[in-house]
Amino acid sequence: NYVRVQELLFQKNRVIGVCVKDEITGNETDLFARVVVNATGVWADQLHSSKYNGPHIRPLRGSHLVFPFWKLPVSQAVTLRHPADKRPVFVFPWEGATIVGTTDLDHGEPLNSEPRISFPEIEYLLDIVRYQFPSVELERSDILSTFAGVRPVIGGSKKRPSSEKRDHSIWEQDGMISVSGGKLTTFRLIAQDVLRVAAPLIPSVEERGTPDPPFNKRKGDELPPISLNHFLRRRLEGRYGSHVMHIMQTEMNEDLERIPGTNTLWAEVRWGAREEGIMHLDDLLLRRTRIGILLEKGGTGYLDRIRDICRQELGWDLKRWEAEAASYKKLWEECYSLP
Ligand SMILES: Cc1cc2nc3c(=O)[nH]c(=O)nc-3n(C[C@H](O)[C@H](O)[C@H](O)COP(=O)(O)OP(=O)(O)OC[C@H]3O[C@@H](n4cnc5c(N)ncnc54)[C@H](O)[C@@H]3O)c2cc1C
């Protein structure tokens with residue numbers, strides 16, 4: 001969380017650790033390990049020595065449009081073929097809104113700045129919705145927000161971005177294992193493959209017989225008897241697992257209300273601020289909760305209430321709050337709204 005690996009530490013041409021910098025405090029420290037795994041996704045190329053001769057990442061941007069659900073109501077995910085290039089594009093319900101995405105093109109921007117959708121991508125995504133659902137008559141002005149991500153695709157020789165394989169790769173150089181590419185859905189397989197490559201480097205660590213199940217059932221009591229419909233209960237249990245009891249046991253009854261237009265409870269914002277390592281306001285509104293993507297104008301209409309939560313839970317004074325709110329609004333305008 002805001003701790004960046006600045007450089008690799010070598011001994012006799014082998015990676016033996018990393019030098020990290022806490023970007024909040026500015027403190028730097030060296031960390032040593034028997035095996036260093038570079039799992040930095042699309043940034044994997046930035047952590048190689050100058051002699052590096054392994055695979056390279058081809059950063060491919062994928063962008064999305066978010067619509068209010070009532071504007072584009074789909075009861076489940078649908079896959080559409082874009083008429084222009086026959087790529088699959090998804091339209092799916094998400095957190096009470098509807099998402100259309102994604103695109104797939106060479107990113108071509110610095111990797112250390114937040115990605116954003118481009119004008120042609122907006123038109124590309126609107127085209128497919130208009131083509132498939134002409135009666136909806138979607139306009140740019142219907143778009144609630146946008147967001148983009150950059151895929152770590154292992155670069156091959158393909159001309160078209162969408163022809164590149166999405167498989168993960170693992171490679172070792174100078175004693176450091178790098179892993180990149182692949183899918184979220186194959187996370188466990190990828191982790192097991194990395195451990196297999198790491199095993200000979202740490203022979204003293206024994207393989208355990210039966211793997212633990214990746215997800216455990218929530219143990220403990222039922223949720224408190226508050227009026228939440230079945231869907232909202234399941235959503236909370238799915239997101240927070242065994243923490244859900246703590247989230248619901250709030251002393252503030254108004255925290256158990258939904259934030260209008262979303263399925264997110266105010267209690268989740270408080271929980272995020274209290275427990276989920278928030279350093280900046282955008283951590284809370286865009287990543288721990290998603291209300292910055294789900295609410296009109298990034299949720300700026302609710303900033304007074306969010307300010308009170310941040311001041312209570314994070315101890316931010318007014319000056320800090322104002323700085324956080326200003327940089328959040330700037331980020332939202334630049335990267336989550338329409339260009
Ligand atoms: C638009 C889009 C659509 C996608 N669709 C799907 C899909 O439908 N299904 C699917 O399964 N997958 C999908 N993916 C792929 C999936 O999101 C990625 O493959 C996955 O997130 C890669 O995980 P990772 O852990 O390797 O990298 P990341 O999730 O990117 O994690 C890398 C981490 O390393 C950190 N880091 C980078 N540099 C440093 C440094 N120097 N020091 C410290 N930390 C550092 C970063 O902050 C980041 O937290 C999609 C990706 C995108 C962008």
# chains A, B, ... in the order shown; residues from 1 in each chain; ligands from 1

call {"tool": "closest_atom_pairs", "arguments": {"of": "chain A", "to": "ligand 1", "cutoff": "10 Å", "atoms": "only C-alpha atoms and all ligand atoms", "output": "tab-separated table"}}
result
residue	atom	partner	partner_atom_place_in_ligand_line	distance
A:Asn1	CA	ligand 1	47 (O)	7.9
A:Tyr2	CA	ligand 1	43 (C)	7.6
A:Val3	CA	ligand 1	43 (C)	5.9
A:Arg4	CA	ligand 1	42 (N)	3.6
A:Val5	CA	ligand 1	42 (N)	3.7
A:Gln6	CA	ligand 1	41 (N)	5.8
A:Glu7	CA	ligand 1	41 (N)	7.8
A:Leu8	CA	ligand 1	41 (N)	9.7
A:Val18	CA	ligand 1	42 (N)	9.3
A:Cys19	CA	ligand 1	42 (N)	9.4
A:Val20	CA	ligand 1	42 (N)	7.3
A:Lys21	CA	ligand 1	42 (N)	8.6
A:Asp22	CA	ligand 1	43 (C)	9.8
A:Asn38	CA	ligand 1	34 (O)	8.3
A:Ala39	CA	ligand 1	26 (O)	5.5
A:Thr40	CA	ligand 1	34 (O)	3.5
A:Gly41	CA	ligand 1	27 (O)	3.5
A:Val42	CA	ligand 1	30 (O)	5.8
A:Trp43	CA	ligand 1	38 (N)	5.1
A:Ala44	CA	ligand 1	38 (N)	6.8
A:Asp45	CA	ligand 1	38 (N)	9.2
A:Gln46	CA	ligand 1	41 (N)	7.2
A:Leu47	CA	ligand 1	41 (N)	6.8
A:Pro59	CA	ligand 1	53 (C)	8.9
A:Leu60	CA	ligand 1	53 (C)	7.4
A:Arg61	CA	ligand 1	1 (C)	6.1
A:Gly62	CA	ligand 1	1 (C)	3.6
A:Ser63	CA	ligand 1	1 (C)	5.8
A:His64	CA	ligand 1	1 (C)	7.6
A:Phe90	CA	ligand 1	8 (O)	9.3
A:Gly101	CA	ligand 1	1 (C)	7.9
A:Thr102	CA	ligand 1	1 (C)	6.1
A:Thr103	CA	ligand 1	1 (C)	7.2
A:Asp104	CA	ligand 1	1 (C)	7.5
A:Leu105	CA	ligand 1	1 (C)	9.9
A:Leu111	CA	ligand 1	38 (N)	9.5
A:Asn112	CA	ligand 1	38 (N)	8.9
A:Pro115	CA	ligand 1	53 (C)	9.8
A:Phe147	CA	ligand 1	1 (C)	8.8
A:Ala148	CA	ligand 1	1 (C)	6.2
A:Gly149	CA	ligand 1	53 (C)	3.8
A:Val150	CA	ligand 1	53 (C)	4.0
A:Arg151	CA	ligand 1	53 (C)	4.0
A:Pro152	CA	ligand 1	19 (O)	6.1
A:Val153	CA	ligand 1	19 (O)	7.8
A:Arg166	CA	ligand 1	19 (O)	8.1
A:Asp167	CA	ligand 1	19 (O)	9.0
A:His168	CA	ligand 1	19 (O)	8.2
A:Ser178	CA	ligand 1	26 (O)	9.7
A:Val179	CA	ligand 1	26 (O)	6.8
A:Ser180	CA	ligand 1	26 (O)	5.0
A:Gly181	CA	ligand 1	19 (O)	5.5
A:Gly182	CA	ligand 1	19 (O)	4.9
A:Lys183	CA	ligand 1	11 (O)	3.5
A:Leu184	CA	ligand 1	11 (O)	3.5
A:Thr185	CA	ligand 1	11 (O)	3.9
A:Thr186	CA	ligand 1	11 (O)	6.4
A:Phe187	CA	ligand 1	23 (O)	7.6
A:Ile190	CA	ligand 1	26 (O)	9.0
A:Ala191	CA	ligand 1	25 (O)	9.8

call {"tool": "residues_around", "arguments": {"residues": "segment 261-264 of chain A", "least_positions_apart": "5", "cutoff": "12 Å", "atoms": "only C-alpha atoms", "output": "ChimeraX atom specification"}}
result
/A:67-70,93-98,144,228-229,231-236,239,255-256,269-272,285,288-296,299

call {"tool": "write_last_selection", "arguments": {"atoms": "C-alpha atoms", "output": "mmCIF file, in the first residue's frame"}}
result
data_model
loop_
_atom_site.group_PDB
_atom_site.id
_atom_site.type_symbol
_atom_site.label_atom_id
_atom_site.label_comp_id
_atom_site.auth_asym_id
_atom_site.auth_seq_id
_atom_site.Cartn_x
_atom_site.Cartn_y
_atom_site.Cartn_z
ATOM 1 C CA PHE A 67 -24.529 3.701 -17.310
ATOM 2 C CA PRO A 68 -27.307 4.007 -14.758
ATOM 3 C CA PHE A 69 -29.046 0.637 -14.695
ATOM 4 C CA TRP A 70 -32.419 2.131 -15.597
ATOM 5 C CA PRO A 93 -25.055 -5.450 -14.577
ATOM 6 C CA TRP A 94 -22.597 -4.419 -11.862
ATOM 7 C CA GLU A 95 -23.233 -2.995 -8.426
ATOM 8 C CA GLY A 96 -26.574 -1.547 -9.475
ATOM 9 C CA ALA A 97 -25.256 0.022 -12.703
ATOM 10 C CA THR A 98 -24.581 -1.350 -16.199
ATOM 11 C CA LEU A 144 -22.329 8.029 -15.605
ATOM 12 C CA LEU A 228 -31.845 -5.999 4.133
ATOM 13 C CA ASN A 229 -33.166 -7.911 1.190
ATOM 14 C CA PHE A 231 -29.636 -9.836 -2.567
ATOM 15 C CA LEU A 232 -28.005 -7.157 -0.396
ATOM 16 C CA ARG A 233 -27.222 -9.691 2.325
ATOM 17 C CA ARG A 234 -25.554 -12.012 -0.159
ATOM 18 C CA ARG A 235 -23.638 -9.132 -1.655
ATOM 19 C CA LEU A 236 -22.301 -8.082 1.745
ATOM 20 C CA ARG A 239 -17.639 -8.965 -0.339
ATOM 21 C CA ASP A 255 -25.025 3.976 8.157
ATOM 22 C CA LEU A 256 -27.271 1.016 7.364
ATOM 23 C CA VAL A 269 -17.680 3.572 3.504
ATOM 24 C CA ARG A 270 -17.099 3.789 7.251
ATOM 25 C CA TRP A 271 -15.634 0.280 7.349
ATOM 26 C CA GLY A 272 -13.342 1.072 4.422
ATOM 27 C CA LEU A 285 -14.201 6.087 -3.310
ATOM 28 C CA ARG A 288 -12.368 0.011 -1.553
ATOM 29 C CA THR A 289 -15.898 1.088 -2.402
ATOM 30 C CA ARG A 290 -16.807 1.934 -6.004
ATOM 31 C CA ILE A 291 -19.113 4.836 -5.324
ATOM 32 C CA GLY A 292 -16.848 7.183 -7.292
ATOM 33 C CA ILE A 293 -17.709 5.134 -10.382
ATOM 34 C CA LEU A 294 -21.351 4.486 -9.529
ATOM 35 C CA LEU A 295 -22.534 7.949 -8.548
ATOM 36 C CA GLU A 296 -23.074 10.953 -10.740
ATOM 37 C CA GLY A 299 -20.202 11.153 -5.778
#

call {"tool": "select_by_dssp", "arguments": {"residues": "segment 166-220 of chain A", "states": "helix (DSSP H, G or I)", "output": "list in words"}}
result
Leu184, Thr185, Thr186, Phe187, Arg188, Leu189, Ile190, Ala191, Gln192, Asp193, Val194, Leu195, Arg196, Val197, Ala198, Ala199, Pro200 and Leu201 of chain A

call {"tool": "atom_distance", "arguments": {"atom1": "atom CA of Tyr336 of chain A", "atom2": "atom CA of Glu254 of chain A"}}
result
28.5 Å

call {"tool": "atom_distance", "arguments": {"atom1": "atom CA of Arg160 of chain A", "atom2": "atom CA of Phe119 of chain A"}}
result
19.8 Å

call {"tool": "residues_around", "arguments": {"residues": "Gly155 of chain A", "least_positions_apart": "5", "cutoff": "9 Å", "atoms": "only C-alpha atoms", "output": "list in words"}}
result
Pro55, His56, Ile57, Arg58, Pro59, Glu164 and Lys165 of chain A

call {"tool": "select_by_dssp", "arguments": {"residues": "segment 159-265 of chain A", "states": "strand (DSSP E)", "output": "PyMOL selection string"}}
result
chain A and resi 168-173+176-181

call {"tool": "atom_distance", "arguments": {"atom1": "atom CA of Glu333 of chain A", "atom2": "atom CA of Tyr124 of chain A"}}
result
20.9 Å

call {"tool": "residues_around", "arguments": {"residues": "Val36 of chain A", "least_positions_apart": "5", "cutoff": "8 Å", "atoms": "only C-alpha atoms", "output": "list in words"}}
result
Val15, Ile16, Gly17, Gly175, Met176 and Ile177 of chain A

call {"tool": "write_last_selection", "arguments": {"atoms": "C-alpha atoms", "output": "PDB file, in the first residue's frame"}}
result
ATOM      1  CA  VAL A  15      18.826 -10.750  -6.884  1.00  0.00           C
ATOM      2  CA  ILE A  16      18.839 -10.986  -3.096  1.00  0.00           C
ATOM      3  CA  GLY A  17      16.268  -8.355  -2.185  1.00  0.00           C
ATOM      4  CA  GLY A 175      17.552 -15.559  -9.433  1.00  0.00           C
ATOM      5  CA  MET A 176      14.398 -13.406  -9.618  1.00  0.00           C
ATOM      6  CA  ILE A 177      11.149 -15.023 -10.725  1.00  0.00           C
TER       7      ILE A 177
END
